[in-house]
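A short worksheet on the structure shown next.
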Amino acid sequence: MASGSYRNGTPKPMKLDRASSYSYTTPKPTAKTRGSVGGGTGVRRSSPAALTARDDAGVLGRVRVAVRLRPQNSEELASDADFADCVELQPEVKRLKLRKNNWESETYEFDEVLTESASQKRVYEVVAKPVVESVLEGYNGTVMAYGQTGTGKTFTLGKLGEDNIAARGIMVRAMEDILAETSPSTDSVSVSYFQLYMETVQDLLCPGNDNISIVEDPKSGDVSIPAATAVDIRDQTSFLELLRLGEAHRFAANTKLNTESSRSHAILMVHVKRSIKGRHDGEEGFLTENGQASSLVKSFRPPIVRKSKLVIVDLAGSERIDKSGSEGHMLEEAKSINLSLTALGKCINALAENSTHVPFRDSKLTRLLRDSFGGTARTSLVVTIGPSPRHRGETSSTIMFGQRAMKVQNMIKLKEEFDYKSLCRRLDIEVDKLISENERQQKYFEDEIERVKAEAQNWISEVERKYMISLENERLKYQQDYMDSIKKLEEKWTINQQKSNYQKSWDCNNEGYLDDGEISMPSTSGGINDKQLLQNEKILRQSSEDEVSSLKSQVTQLKRLESAANAEILKLHEMLESEAHQKEKLEEEINILKNKLLQLSFEADESRRSLDRGGSGKVFAGLDTFMSQARSSQIRDRTNGQKASIAKLFEQVGLQKILSLLESEDADVRIHAVKVVANLAAEEANQEKIVEAGGLSSLLILLRSSEDETIRRVAAGAIANLAMNETNQELVMAQDGISLLSMTAADAEDPQTLRMVAGAIANLCGNDRVQRRLRSEGGIRALLGMVRCGHPDVLAQIARGIANFAKCESRASTQGNDTGRSLLIEDGALPWIVQNANNEASPIRRHIELALCHLAQHEVNAKDMISEGALWELVRISRDCSREDIRLLAHKTLTASPKFQAELRRLRIEC
């Protein structure tokens, strides 16, 4: 190639300085620029739904356009060009004035106006970050730079920032945010990097892959580059290596307007695939024979997968041949670039005027950007302009392009699909679990029936044995009594017989000597004895009959017991039959689940085949219905699911019972109980009830005595929830809560536990009445000790606690209640505050900036703040802070402090 070449002149990667003629580092304030820097508005963090209007098809969003002014380069500085006569920026009202001459000027309004001193971080936050957030939520997004050659498009988008981290461009910062919000275990991020050179698509990651075809879906109109190399990204380092490789293969040349002018349009395409968790709600379509949703299949819905695409386009700069000096092959390159940009401008004009025909097919560039303008992507455009009056015509053309782009409306749509493979895997696992559970229950039921049968048989045998023994004993007893009675009767009969014989003998011998009365005496006595014997015999017989009756009643009772035992056996048989019936129902449910699994697999295959060959309206209609049911079910259940279950548990079990479970010997029971208490404590309506029932004391005891990390973490979280109430804060302090939290902070290593402890202490730091005691019991030292963790969430809570403490001190100083040096400074917190005043994490930075402002309001702290370098951070906050209230507070504090003003005058710095 005659003039166009690779970025480094050879196919091998090589590091080059892209900003040889000028640098985008923030300049020091001067007399001309200080007003715009100091008075500029802060970074406005817009949500992805800004400037949108919803309809049934999606979200209507306008293309957002920001304008950025390049600083003067060495040539312009040497000629002392006064660019204020050409371009005047008004960032406060987001306006730009382009002067035609000394009397006439034109005013244009944009979404953002970025001065020559705007940092790369601010450019990213106002231009690209809302688009990146939309991509993470499942929408397509586009970030594009347009402008004249040499105005800083590649610097804005593709600067790697190897030597200076603050100079990183939009590509590097966007990937950093995407990797921070995705999980490698469930999400995937892949990158393609290619260039459009002379109307051919060439792969920058694989130079041999050139002249790639553009594929367009005839139904949806989506444009893709399937032949381009796609690389999975796991970390920021690998992404930076890919960018270096792509930049080394990109065509560039030296022109009069730029020492390293891009001769191709570079396009970075990032594909993000995210799994949406917590949306597997009950399946309303899977019903059993009684019309109710089965408990086994109710919780299965296909997982939702969101696929989105971020496209970052670094357009080659438009140029005039007479100014760039292009000739030969470079002239052909310039013609190709201008033709593609002209085609893009025609498409923008047609979209802005709502024309019925948009000429997307006039150029490959417009085909690739079809989704970005008038499509379904959220698009941000940054137009770059130069300060030189020599290029007033190009600057005006660039501004008009941005103005027309602001009129383009995109219909932004969320792209979701069902992950049937994941659902099939989960269903297979659930079926295996149900089968094993069914087998276990069946084995348990069979063992239980055998045990009951054995116990019943043993009981019946024992009863029968006791009955036979008792019956035999009674029979032997009555037989012995009967024999004894016979023996007694025989003896009495013998005695009576002897007496009768003796009487007869005596009567014969004394027949003539006694009268009738005397003769009848012995006979009468013998009759009396016989009557007595008969009476005794009757008594014995009656007693025997009573004994027999008693034995008969016992036999009857034993028979009744036997009948009861037989009834129990019948009942056990009925239980066995019921369990068998339950087993059959479980098997039927398993069969239903298998059938639904086969049906889902079949539908997934049909959908996949339909998508491969274009699909049919019926398949897509079914999927749309299924998705609408999923969304409505998820929206309905997500809000009330967990709160309803906790409230139901609270009503059924009772708070006292739940609190008593905190003392259970079972560790799992204690863990579940403290989780329930923590969830209840999150609701303000339950906090007073928990404290009145002794819940706060129980949580503090649990925090002191438990060695389980989970229990300590959840207990600390519950205490943090309760400590949001001012009355509860004093109770925590009264029950030695700060000492317990300090000991937990010293012993814990888990970041989540430290976050809960830091949150609880941070809440206590906001109470004026407990500040002295909190500091004396080690609360501030405990906060500073948790800095060792380094986790952003922990540091955010530490920063919040320090900000609350500083705010209370400032309020006390203002009211005249405290005139001494800050307790935070005495405990050594100031170096850490200064170190993190410009932390990249916005929650940490915001709280630290507030803490510095509150500390500076007390004049006695000024000396320490000057010696530790806090004064410079206050100056920075008063100029560059993204929040206007903090910026104004810092400026007011600096102005009101005599010591700060004296130090600034000494160093000749104007605040």
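We name chains A, B, ... following the order of the structure tokens; residues begin at 1 in each chain, and ligands are numbered from 1 as shown.
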Excluding same-chain residues fewer than 2 positions from region 717-725 of chain A, what lies within 10 Å of it counting only C-alpha atoms, as a VMD selection string? chain A and resid 674 to 684 686 to 688 690 to 691 695 to 697 699 to 700 703 711 to 715 727 to 733 737 741 752 to 764 766 to 767
What's the 8 Å shell around Val408 (chain A), counting only C-alpha atoms, without same-chain residues fewer than 6 positions away, as an MDAnalysis selection string? chainID A and resid 62:63 348 351:352 373:374
Write the residues of the selection above to a file with N, CA, C and O atoms, as an mmCIF file, in the first residue's frame.
data_model
loop_
_atom_site.group_PDB
_atom_site.id
_atom_site.type_symbol
_atom_site.label_atom_id
_atom_site.label_comp_id
_atom_site.auth_asym_id
_atom_site.auth_seq_id
_atom_site.Cartn_x
_atom_site.Cartn_y
_atom_site.Cartn_z
ATOM 1 N N ARG A 62 -34.406 8.996 22.289
ATOM 2 C CA ARG A 62 -33.708 9.854 21.322
ATOM 3 C C ARG A 62 -32.208 9.620 21.402
ATOM 4 O O ARG A 62 -31.664 9.273 22.451
ATOM 5 N N VAL A 63 -31.526 9.789 20.293
ATOM 6 C CA VAL A 63 -30.065 9.722 20.273
ATOM 7 C C VAL A 63 -29.518 10.894 21.087
ATOM 8 O O VAL A 63 -29.873 12.056 20.839
ATOM 9 N N ILE A 348 -28.918 9.995 8.427
ATOM 10 C CA ILE A 348 -29.303 10.817 9.585
ATOM 11 C C ILE A 348 -30.330 11.867 9.152
ATOM 12 O O ILE A 348 -31.344 12.107 9.833
ATOM 13 N N LEU A 351 -33.729 10.166 8.596
ATOM 14 C CA LEU A 351 -34.368 9.811 9.873
ATOM 15 C C LEU A 351 -34.855 11.052 10.604
ATOM 16 O O LEU A 351 -35.927 11.045 11.222
ATOM 17 N N ALA A 352 -34.066 12.135 10.569
ATOM 18 C CA ALA A 352 -34.465 13.361 11.267
ATOM 19 C C ALA A 352 -35.706 13.974 10.635
ATOM 20 O O ALA A 352 -36.532 14.584 11.325
ATOM 21 N N PHE A 373 -29.081 3.869 14.518
ATOM 22 C CA PHE A 373 -29.861 5.056 14.169
ATOM 23 C C PHE A 373 -31.189 4.597 13.584
ATOM 24 O O PHE A 373 -31.242 3.999 12.510
ATOM 25 N N GLY A 374 -32.273 4.854 14.326
ATOM 26 C CA GLY A 374 -33.594 4.430 13.903
ATOM 27 C C GLY A 374 -33.885 2.976 14.184
ATOM 28 O O GLY A 374 -34.912 2.448 13.779
#
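Of note, CA of Ile866 (chain A) and CA of Glu903 (chain A) are spaced 8.1 Å apart.
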All helix (DSSP H, G or I) positions in region 187-258 of chain A, as a PDB file with N, CA and C atoms, in the first residue's frame:
ATOM      1  N   GLN A 236      -9.762  -7.723  32.712  1.00  0.00           N
ATOM      2  CA  GLN A 236      -9.408  -6.486  32.014  1.00  0.00           C
ATOM      3  C   GLN A 236      -8.072  -6.610  31.292  1.00  0.00           C
ATOM      4  N   THR A 237      -7.158  -7.407  31.827  1.00  0.00           N
ATOM      5  CA  THR A 237      -5.836  -7.531  31.213  1.00  0.00           C
ATOM      6  C   THR A 237      -5.929  -8.131  29.820  1.00  0.00           C
ATOM      7  N   SER A 238      -6.714  -9.214  29.671  1.00  0.00           N
ATOM      8  CA  SER A 238      -6.859  -9.839  28.360  1.00  0.00           C
ATOM      9  C   SER A 238      -7.528  -8.887  27.371  1.00  0.00           C
ATOM     10  N   PHE A 239      -8.462  -8.057  27.835  1.00  0.00           N
ATOM     11  CA  PHE A 239      -9.114  -7.103  26.944  1.00  0.00           C
ATOM     12  C   PHE A 239      -8.129  -6.044  26.458  1.00  0.00           C
ATOM     13  N   LEU A 240      -7.257  -5.558  27.347  1.00  0.00           N
ATOM     14  CA  LEU A 240      -6.263  -4.579  26.943  1.00  0.00           C
ATOM     15  C   LEU A 240      -5.303  -5.163  25.912  1.00  0.00           C
ATOM     16  N   GLU A 241      -4.954  -6.448  26.059  1.00  0.00           N
ATOM     17  CA  GLU A 241      -4.091  -7.102  25.071  1.00  0.00           C
ATOM     18  C   GLU A 241      -4.785  -7.143  23.710  1.00  0.00           C
ATOM     19  N   LEU A 242      -6.084  -7.428  23.691  1.00  0.00           N
ATOM     20  CA  LEU A 242      -6.812  -7.449  22.421  1.00  0.00           C
ATOM     21  C   LEU A 242      -6.845  -6.062  21.783  1.00  0.00           C
ATOM     22  N   LEU A 243      -7.053  -5.024  22.603  1.00  0.00           N
ATOM     23  CA  LEU A 243      -7.060  -3.668  22.051  1.00  0.00           C
ATOM     24  C   LEU A 243      -5.692  -3.297  21.470  1.00  0.00           C
ATOM     25  N   ARG A 244      -4.626  -3.693  22.167  1.00  0.00           N
ATOM     26  CA  ARG A 244      -3.279  -3.419  21.622  1.00  0.00           C
ATOM     27  C   ARG A 244      -3.092  -4.130  20.287  1.00  0.00           C
ATOM     28  N   LEU A 245      -3.521  -5.389  20.215  1.00  0.00           N
ATOM     29  CA  LEU A 245      -3.396  -6.146  18.973  1.00  0.00           C
ATOM     30  C   LEU A 245      -4.209  -5.492  17.851  1.00  0.00           C
ATOM     31  N   GLY A 246      -5.445  -5.073  18.152  1.00  0.00           N
ATOM     32  CA  GLY A 246      -6.261  -4.440  17.125  1.00  0.00           C
ATOM     33  C   GLY A 246      -5.697  -3.104  16.668  1.00  0.00           C
ATOM     34  N   GLU A 247      -5.205  -2.296  17.607  1.00  0.00           N
ATOM     35  CA  GLU A 247      -4.640  -1.003  17.250  1.00  0.00           C
ATOM     36  C   GLU A 247      -3.397  -1.163  16.379  1.00  0.00           C
ATOM     37  N   ALA A 248      -2.612  -2.227  16.608  1.00  0.00           N
ATOM     38  CA  ALA A 248      -1.409  -2.462  15.815  1.00  0.00           C
ATOM     39  C   ALA A 248      -1.751  -2.788  14.365  1.00  0.00           C
ATOM     40  N   HIS A 249      -2.940  -3.362  14.121  1.00  0.00           N
ATOM     41  CA  HIS A 249      -3.325  -3.770  12.766  1.00  0.00           C
ATOM     42  C   HIS A 249      -4.196  -2.730  12.073  1.00  0.00           C
TER      43      HIS A 249
END
Those of region 395-599 of chain A in DSSP strand (DSSP E), formatted as number ranges by chain: A: 409-412, 416-418
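CA of Ile848 (chain A) lies 20.3 Å from CA of Ala166 (chain A).
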Rounded to one decimal, what separation in Å do you get between CA of Gln403 (chain A) and CA of Val270 (chain A)? 27.6 Å
Against region 569-589 of chain A, which residues of region 432-472 of chain A fall within 12 Å? For each one I want the closest pair of atoms and the distance in Å (one decimal), counting only C-alpha atoms, rows by chain and increasing residue number, as a tab-separated table.
residue	atom	partner	partner_atom	distance
A:Leu434	CA	A:Leu586	CA	8.6
A:Ile435	CA	A:Glu587	CA	8.4
A:Ser436	CA	A:Leu586	CA	11.6
A:Glu437	CA	A:Leu586	CA	10.1
A:Asn438	CA	A:Leu586	CA	7.2
A:Glu439	CA	A:Lys583	CA	9.1
A:Arg440	CA	A:Lys583	CA	11.1
A:Gln441	CA	A:Lys583	CA	8.7
A:Gln442	CA	A:Lys583	CA	7.2
A:Lys443	CA	A:Lys583	CA	10.9
A:Tyr444	CA	A:Glu579	CA	10.5
A:Phe445	CA	A:Glu579	CA	7.1
A:Glu446	CA	A:Leu576	CA	8.0
A:Asp447	CA	A:Leu576	CA	10.8
A:Glu448	CA	A:Leu576	CA	9.4
A:Ile449	CA	A:Leu576	CA	6.8
A:Glu450	CA	A:Leu572	CA	9.8
A:Arg451	CA	A:Leu572	CA	10.7
A:Val452	CA	A:Leu572	CA	7.5
A:Lys453	CA	A:Ile569	CA	7.2
A:Ala454	CA	A:Ile569	CA	10.5
A:Glu455	CA	A:Ile569	CA	10.3
A:Ala456	CA	A:Ile569	CA	7.2
A:Gln457	CA	A:Ile569	CA	9.1
A:Trp459	CA	A:Ile569	CA	11.4
A:Ile460	CA	A:Ile569	CA	10.5
Write out, as a PDB file, in the first residue's frame, the residues just selected, with N, CA and C atoms.
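Generated output (part15.pdb):
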ATOM      1  N   LEU A 434     -36.589 -36.433  43.297  1.00  0.00           N
ATOM      2  CA  LEU A 434     -37.921 -36.928  43.643  1.00  0.00           C
ATOM      3  C   LEU A 434     -37.966 -38.456  43.651  1.00  0.00           C
ATOM      4  N   ILE A 435     -37.292 -39.071  42.676  1.00  0.00           N
ATOM      5  CA  ILE A 435     -37.272 -40.537  42.637  1.00  0.00           C
ATOM      6  C   ILE A 435     -36.582 -41.091  43.868  1.00  0.00           C
ATOM      7  N   SER A 436     -35.411 -40.515  44.218  1.00  0.00           N
ATOM      8  CA  SER A 436     -34.701 -40.999  45.404  1.00  0.00           C
ATOM      9  C   SER A 436     -35.511 -40.746  46.671  1.00  0.00           C
ATOM     10  N   GLU A 437     -36.197 -39.581  46.733  1.00  0.00           N
ATOM     11  CA  GLU A 437     -37.026 -39.293  47.905  1.00  0.00           C
ATOM     12  C   GLU A 437     -38.206 -40.258  47.987  1.00  0.00           C
ATOM     13  N   ASN A 438     -38.797 -40.571  46.829  1.00  0.00           N
ATOM     14  CA  ASN A 438     -39.909 -41.518  46.809  1.00  0.00           C
ATOM     15  C   ASN A 438     -39.453 -42.898  47.272  1.00  0.00           C
ATOM     16  N   GLU A 439     -38.285 -43.322  46.788  1.00  0.00           N
ATOM     17  CA  GLU A 439     -37.764 -44.625  47.208  1.00  0.00           C
ATOM     18  C   GLU A 439     -37.458 -44.635  48.700  1.00  0.00           C
ATOM     19  N   ARG A 440     -36.919 -43.521  49.184  1.00  0.00           N
ATOM     20  CA  ARG A 440     -36.614 -43.461  50.615  1.00  0.00           C
ATOM     21  C   ARG A 440     -37.884 -43.520  51.451  1.00  0.00           C
ATOM     22  N   GLN A 441     -38.909 -42.748  51.032  1.00  0.00           N
ATOM     23  CA  GLN A 441     -40.167 -42.783  51.776  1.00  0.00           C
ATOM     24  C   GLN A 441     -40.833 -44.157  51.693  1.00  0.00           C
ATOM     25  N   GLN A 442     -40.760 -44.787  50.504  1.00  0.00           N
ATOM     26  CA  GLN A 442     -41.345 -46.120  50.369  1.00  0.00           C
ATOM     27  C   GLN A 442     -40.652 -47.113  51.295  1.00  0.00           C
ATOM     28  N   LYS A 443     -39.324 -47.051  51.334  1.00  0.00           N
ATOM     29  CA  LYS A 443     -38.582 -47.949  52.237  1.00  0.00           C
ATOM     30  C   LYS A 443     -38.926 -47.654  53.689  1.00  0.00           C
ATOM     31  N   TYR A 444     -39.074 -46.360  54.007  1.00  0.00           N
ATOM     32  CA  TYR A 444     -39.430 -46.001  55.381  1.00  0.00           C
ATOM     33  C   TYR A 444     -40.827 -46.517  55.736  1.00  0.00           C
ATOM     34  N   PHE A 445     -41.792 -46.354  54.807  1.00  0.00           N
ATOM     35  CA  PHE A 445     -43.157 -46.827  55.059  1.00  0.00           C
ATOM     36  C   PHE A 445     -43.175 -48.341  55.244  1.00  0.00           C
ATOM     37  N   GLU A 446     -42.453 -49.068  54.400  1.00  0.00           N
ATOM     38  CA  GLU A 446     -42.429 -50.526  54.512  1.00  0.00           C
ATOM     39  C   GLU A 446     -41.798 -50.945  55.842  1.00  0.00           C
ATOM     40  N   ASP A 447     -40.685 -50.292  56.210  1.00  0.00           N
ATOM     41  CA  ASP A 447     -40.044 -50.633  57.496  1.00  0.00           C
ATOM     42  C   ASP A 447     -40.968 -50.308  58.656  1.00  0.00           C
ATOM     43  N   GLU A 448     -41.690 -49.171  58.555  1.00  0.00           N
ATOM     44  CA  GLU A 448     -42.586 -48.787  59.637  1.00  0.00           C
ATOM     45  C   GLU A 448     -43.747 -49.782  59.763  1.00  0.00           C
ATOM     46  N   ILE A 449     -44.273 -50.232  58.628  1.00  0.00           N
ATOM     47  CA  ILE A 449     -45.379 -51.212  58.670  1.00  0.00           C
ATOM     48  C   ILE A 449     -44.896 -52.530  59.270  1.00  0.00           C
ATOM     49  N   GLU A 450     -43.718 -52.985  58.875  1.00  0.00           N
ATOM     50  CA  GLU A 450     -43.166 -54.222  59.428  1.00  0.00           C
ATOM     51  C   GLU A 450     -42.946 -54.086  60.926  1.00  0.00           C
ATOM     52  N   ARG A 451     -42.462 -52.897  61.335  1.00  0.00           N
ATOM     53  CA  ARG A 451     -42.232 -52.708  62.767  1.00  0.00           C
ATOM     54  C   ARG A 451     -43.540 -52.745  63.541  1.00  0.00           C
ATOM     55  N   VAL A 452     -44.583 -52.054  63.017  1.00  0.00           N
ATOM     56  CA  VAL A 452     -45.880 -52.040  63.707  1.00  0.00           C
ATOM     57  C   VAL A 452     -46.487 -53.440  63.751  1.00  0.00           C
ATOM     58  N   LYS A 453     -46.370 -54.196  62.633  1.00  0.00           N
ATOM     59  CA  LYS A 453     -46.894 -55.553  62.608  1.00  0.00           C
ATOM     60  C   LYS A 453     -46.169 -56.441  63.628  1.00  0.00           C
ATOM     61  N   ALA A 454     -44.837 -56.295  63.698  1.00  0.00           N
ATOM     62  CA  ALA A 454     -44.082 -57.102  64.651  1.00  0.00           C
ATOM     63  C   ALA A 454     -44.461 -56.750  66.091  1.00  0.00           C
ATOM     64  N   GLU A 455     -44.607 -55.419  66.358  1.00  0.00           N
ATOM     65  CA  GLU A 455     -45.004 -55.021  67.709  1.00  0.00           C
ATOM     66  C   GLU A 455     -46.394 -55.540  68.051  1.00  0.00           C
ATOM     67  N   ALA A 456     -47.334 -55.479  67.089  1.00  0.00           N
ATOM     68  CA  ALA A 456     -48.688 -55.976  67.343  1.00  0.00           C
ATOM     69  C   ALA A 456     -48.683 -57.489  67.585  1.00  0.00           C
ATOM     70  N   GLN A 457     -47.907 -58.209  66.787  1.00  0.00           N
ATOM     71  CA  GLN A 457     -47.834 -59.671  66.956  1.00  0.00           C
ATOM     72  C   GLN A 457     -47.244 -60.026  68.309  1.00  0.00           C
ATOM     73  N   TRP A 459     -47.282 -58.182  70.950  1.00  0.00           N
ATOM     74  CA  TRP A 459     -48.243 -57.811  72.000  1.00  0.00           C
ATOM     75  C   TRP A 459     -49.358 -58.844  72.116  1.00  0.00           C
ATOM     76  N   ILE A 460     -49.853 -59.335  70.967  1.00  0.00           N
ATOM     77  CA  ILE A 460     -50.908 -60.352  70.989  1.00  0.00           C
ATOM     78  C   ILE A 460     -50.392 -61.654  71.606  1.00  0.00           C
TER      79      ILE A 460
END
What lies within 9 Å of Asp827 (chain A) using only C-alpha atoms, ignoring chain neighbours under 6 positions off, as a list in words? Arg775, Ile780, Arg781 and Leu784 of chain A
What does the file look like for those residues with N, CA and C atoms, as a PDB file, in the first residue's frame?
ATOM      1  N   ARG A 775     -16.862   6.762  70.946  1.00  0.00           N
ATOM      2  CA  ARG A 775     -15.428   6.888  70.707  1.00  0.00           C
ATOM      3  C   ARG A 775     -14.613   6.284  71.834  1.00  0.00           C
ATOM      4  N   ILE A 780     -14.624   4.263  66.801  1.00  0.00           N
ATOM      5  CA  ILE A 780     -13.880   4.841  65.682  1.00  0.00           C
ATOM      6  C   ILE A 780     -12.686   3.966  65.322  1.00  0.00           C
ATOM      7  N   ARG A 781     -11.983   3.455  66.339  1.00  0.00           N
ATOM      8  CA  ARG A 781     -10.833   2.579  66.059  1.00  0.00           C
ATOM      9  C   ARG A 781     -11.285   1.292  65.382  1.00  0.00           C
ATOM     10  N   LEU A 784     -11.821   2.130  61.671  1.00  0.00           N
ATOM     11  CA  LEU A 784     -10.543   2.252  60.962  1.00  0.00           C
ATOM     12  C   LEU A 784      -9.843   0.905  60.857  1.00  0.00           C
TER      13      LEU A 784
END
Can you list, as a compact mmCIF listing (two decimals) with all heavy atoms, in the first residue's frame, every protein, DNA or RNA residue that comes within 10 Å of Arg670 (chain A) when you count only C-alpha atoms, leaving out same-chain residues fewer than 2 positions away?
# COMPACT_ATOMS: atom_id res chain seq x y z
N ILE A 658 -40.02 -17.38 68.15
CA ILE A 658 -38.88 -17.21 67.25
C ILE A 658 -37.64 -16.80 68.03
O ILE A 658 -36.53 -17.31 67.80
CB ILE A 658 -39.22 -16.17 66.17
CG1 ILE A 658 -40.36 -16.68 65.28
CG2 ILE A 658 -38.00 -15.85 65.31
CD1 ILE A 658 -40.87 -15.66 64.30
N LEU A 659 -37.82 -15.88 69.00
CA LEU A 659 -36.66 -15.44 69.80
C LEU A 659 -36.13 -16.57 70.66
O LEU A 659 -34.92 -16.66 70.92
CB LEU A 659 -37.06 -14.24 70.66
CG LEU A 659 -37.39 -12.95 69.89
CD1 LEU A 659 -37.81 -11.85 70.85
CD2 LEU A 659 -36.19 -12.49 69.08
N SER A 660 -37.02 -17.45 71.15
CA SER A 660 -36.56 -18.58 71.96
C SER A 660 -35.69 -19.54 71.16
O SER A 660 -34.81 -20.21 71.71
CB SER A 660 -37.76 -19.32 72.56
OG SER A 660 -38.52 -19.94 71.54
N LEU A 661 -35.93 -19.60 69.85
CA LEU A 661 -35.13 -20.49 69.01
C LEU A 661 -33.69 -19.98 68.85
O LEU A 661 -32.82 -20.75 68.42
CB LEU A 661 -35.77 -20.62 67.63
CG LEU A 661 -37.14 -21.31 67.58
CD1 LEU A 661 -37.67 -21.32 66.18
CD2 LEU A 661 -37.04 -22.73 68.12
N LEU A 662 -33.43 -18.72 69.20
CA LEU A 662 -32.05 -18.22 69.14
C LEU A 662 -31.16 -18.92 70.15
O LEU A 662 -29.93 -18.90 70.01
CB LEU A 662 -32.03 -16.70 69.41
CG LEU A 662 -32.73 -15.81 68.37
CD1 LEU A 662 -32.70 -14.36 68.82
CD2 LEU A 662 -32.08 -15.96 67.01
N GLU A 663 -31.76 -19.55 71.20
CA GLU A 663 -30.98 -20.25 72.22
C GLU A 663 -30.97 -21.75 71.99
O GLU A 663 -30.56 -22.51 72.86
CB GLU A 663 -31.56 -19.93 73.60
CG GLU A 663 -31.58 -18.44 73.93
CD GLU A 663 -32.27 -18.15 75.25
OE1 GLU A 663 -32.71 -19.12 75.90
OE2 GLU A 663 -32.34 -16.97 75.64
N SER A 664 -31.43 -22.21 70.83
CA SER A 664 -31.50 -23.65 70.54
C SER A 664 -30.08 -24.23 70.48
O SER A 664 -29.12 -23.56 70.09
CB SER A 664 -32.23 -23.88 69.22
OG SER A 664 -32.16 -25.24 68.86
N GLU A 665 -29.98 -25.51 70.87
CA GLU A 665 -28.68 -26.18 70.80
C GLU A 665 -28.33 -26.57 69.38
O GLU A 665 -27.16 -26.79 69.07
CB GLU A 665 -28.70 -27.43 71.69
CG GLU A 665 -28.89 -27.12 73.17
CD GLU A 665 -28.89 -28.39 74.01
OE1 GLU A 665 -28.81 -29.47 73.43
OE2 GLU A 665 -28.98 -28.26 75.25
N ASP A 666 -29.32 -26.68 68.50
CA ASP A 666 -29.09 -27.03 67.10
C ASP A 666 -28.60 -25.79 66.35
O ASP A 666 -29.27 -24.76 66.32
CB ASP A 666 -30.38 -27.55 66.47
CG ASP A 666 -30.13 -28.18 65.11
OD1 ASP A 666 -29.07 -27.87 64.51
OD2 ASP A 666 -30.97 -28.97 64.65
N ALA A 667 -27.41 -25.88 65.73
CA ALA A 667 -26.83 -24.72 65.04
C ALA A 667 -27.69 -24.29 63.85
O ALA A 667 -27.86 -23.10 63.60
CB ALA A 667 -25.41 -25.04 64.56
N ASP A 668 -28.25 -25.26 63.12
CA ASP A 668 -29.08 -24.90 61.96
C ASP A 668 -30.33 -24.14 62.41
O ASP A 668 -30.77 -23.20 61.74
CB ASP A 668 -29.50 -26.17 61.20
CG ASP A 668 -28.31 -26.81 60.49
OD1 ASP A 668 -27.34 -26.08 60.22
OD2 ASP A 668 -28.34 -28.03 60.24
N HIS A 672 -31.38 -20.32 61.17
CA HIS A 672 -32.66 -19.96 60.56
C HIS A 672 -33.41 -18.94 61.41
O HIS A 672 -34.05 -18.01 60.89
CB HIS A 672 -33.51 -21.21 60.37
CG HIS A 672 -33.00 -22.11 59.27
ND1 HIS A 672 -32.88 -21.70 57.96
CD2 HIS A 672 -32.56 -23.40 59.30
CE1 HIS A 672 -32.40 -22.69 57.23
NE2 HIS A 672 -32.20 -23.73 58.01
N ALA A 673 -33.34 -19.09 62.73
CA ALA A 673 -34.06 -18.17 63.62
C ALA A 673 -33.49 -16.76 63.52
O ALA A 673 -34.23 -15.78 63.43
CB ALA A 673 -33.99 -18.68 65.06
N VAL A 674 -32.16 -16.65 63.51
CA VAL A 674 -31.57 -15.31 63.46
C VAL A 674 -31.81 -14.67 62.08
O VAL A 674 -31.95 -13.45 61.97
CB VAL A 674 -30.06 -15.38 63.79
CG1 VAL A 674 -29.26 -15.97 62.66
CG2 VAL A 674 -29.53 -13.99 64.13
N LYS A 675 -31.91 -15.48 61.02
CA LYS A 675 -32.25 -14.93 59.71
C LYS A 675 -33.66 -14.37 59.70
O LYS A 675 -33.93 -13.32 59.12
CB LYS A 675 -32.09 -16.00 58.63
CG LYS A 675 -30.64 -16.32 58.29
CD LYS A 675 -30.54 -17.35 57.17
CE LYS A 675 -29.09 -17.63 56.81
NZ LYS A 675 -28.98 -18.63 55.73
N VAL A 676 -34.58 -15.10 60.34
CA VAL A 676 -35.96 -14.62 60.41
C VAL A 676 -36.03 -13.30 61.19
O VAL A 676 -36.70 -12.35 60.78
CB VAL A 676 -36.88 -15.69 61.05
CG1 VAL A 676 -38.26 -15.12 61.32
CG2 VAL A 676 -36.98 -16.90 60.14
N LEU A 702 -26.10 -13.39 71.37
CA LEU A 702 -25.71 -14.30 70.29
C LEU A 702 -24.41 -13.82 69.63
O LEU A 702 -23.54 -14.63 69.30
CB LEU A 702 -26.84 -14.36 69.26
CG LEU A 702 -26.86 -15.56 68.33
CD1 LEU A 702 -27.02 -16.84 69.12
CD2 LEU A 702 -27.99 -15.43 67.33
N SER A 706 -21.62 -16.71 70.12
CA SER A 706 -21.54 -17.63 68.98
C SER A 706 -20.19 -17.54 68.30
O SER A 706 -19.59 -16.47 68.19
CB SER A 706 -22.66 -17.31 67.98
OG SER A 706 -22.56 -18.15 66.87
N ILE A 711 -23.89 -16.95 61.78
CA ILE A 711 -24.73 -16.39 62.85
C ILE A 711 -24.26 -14.98 63.21
O ILE A 711 -25.04 -14.05 63.37
CB ILE A 711 -24.73 -17.31 64.07
CG1 ILE A 711 -25.42 -18.65 63.72
CG2 ILE A 711 -25.40 -16.66 65.26
CD1 ILE A 711 -25.42 -19.65 64.84
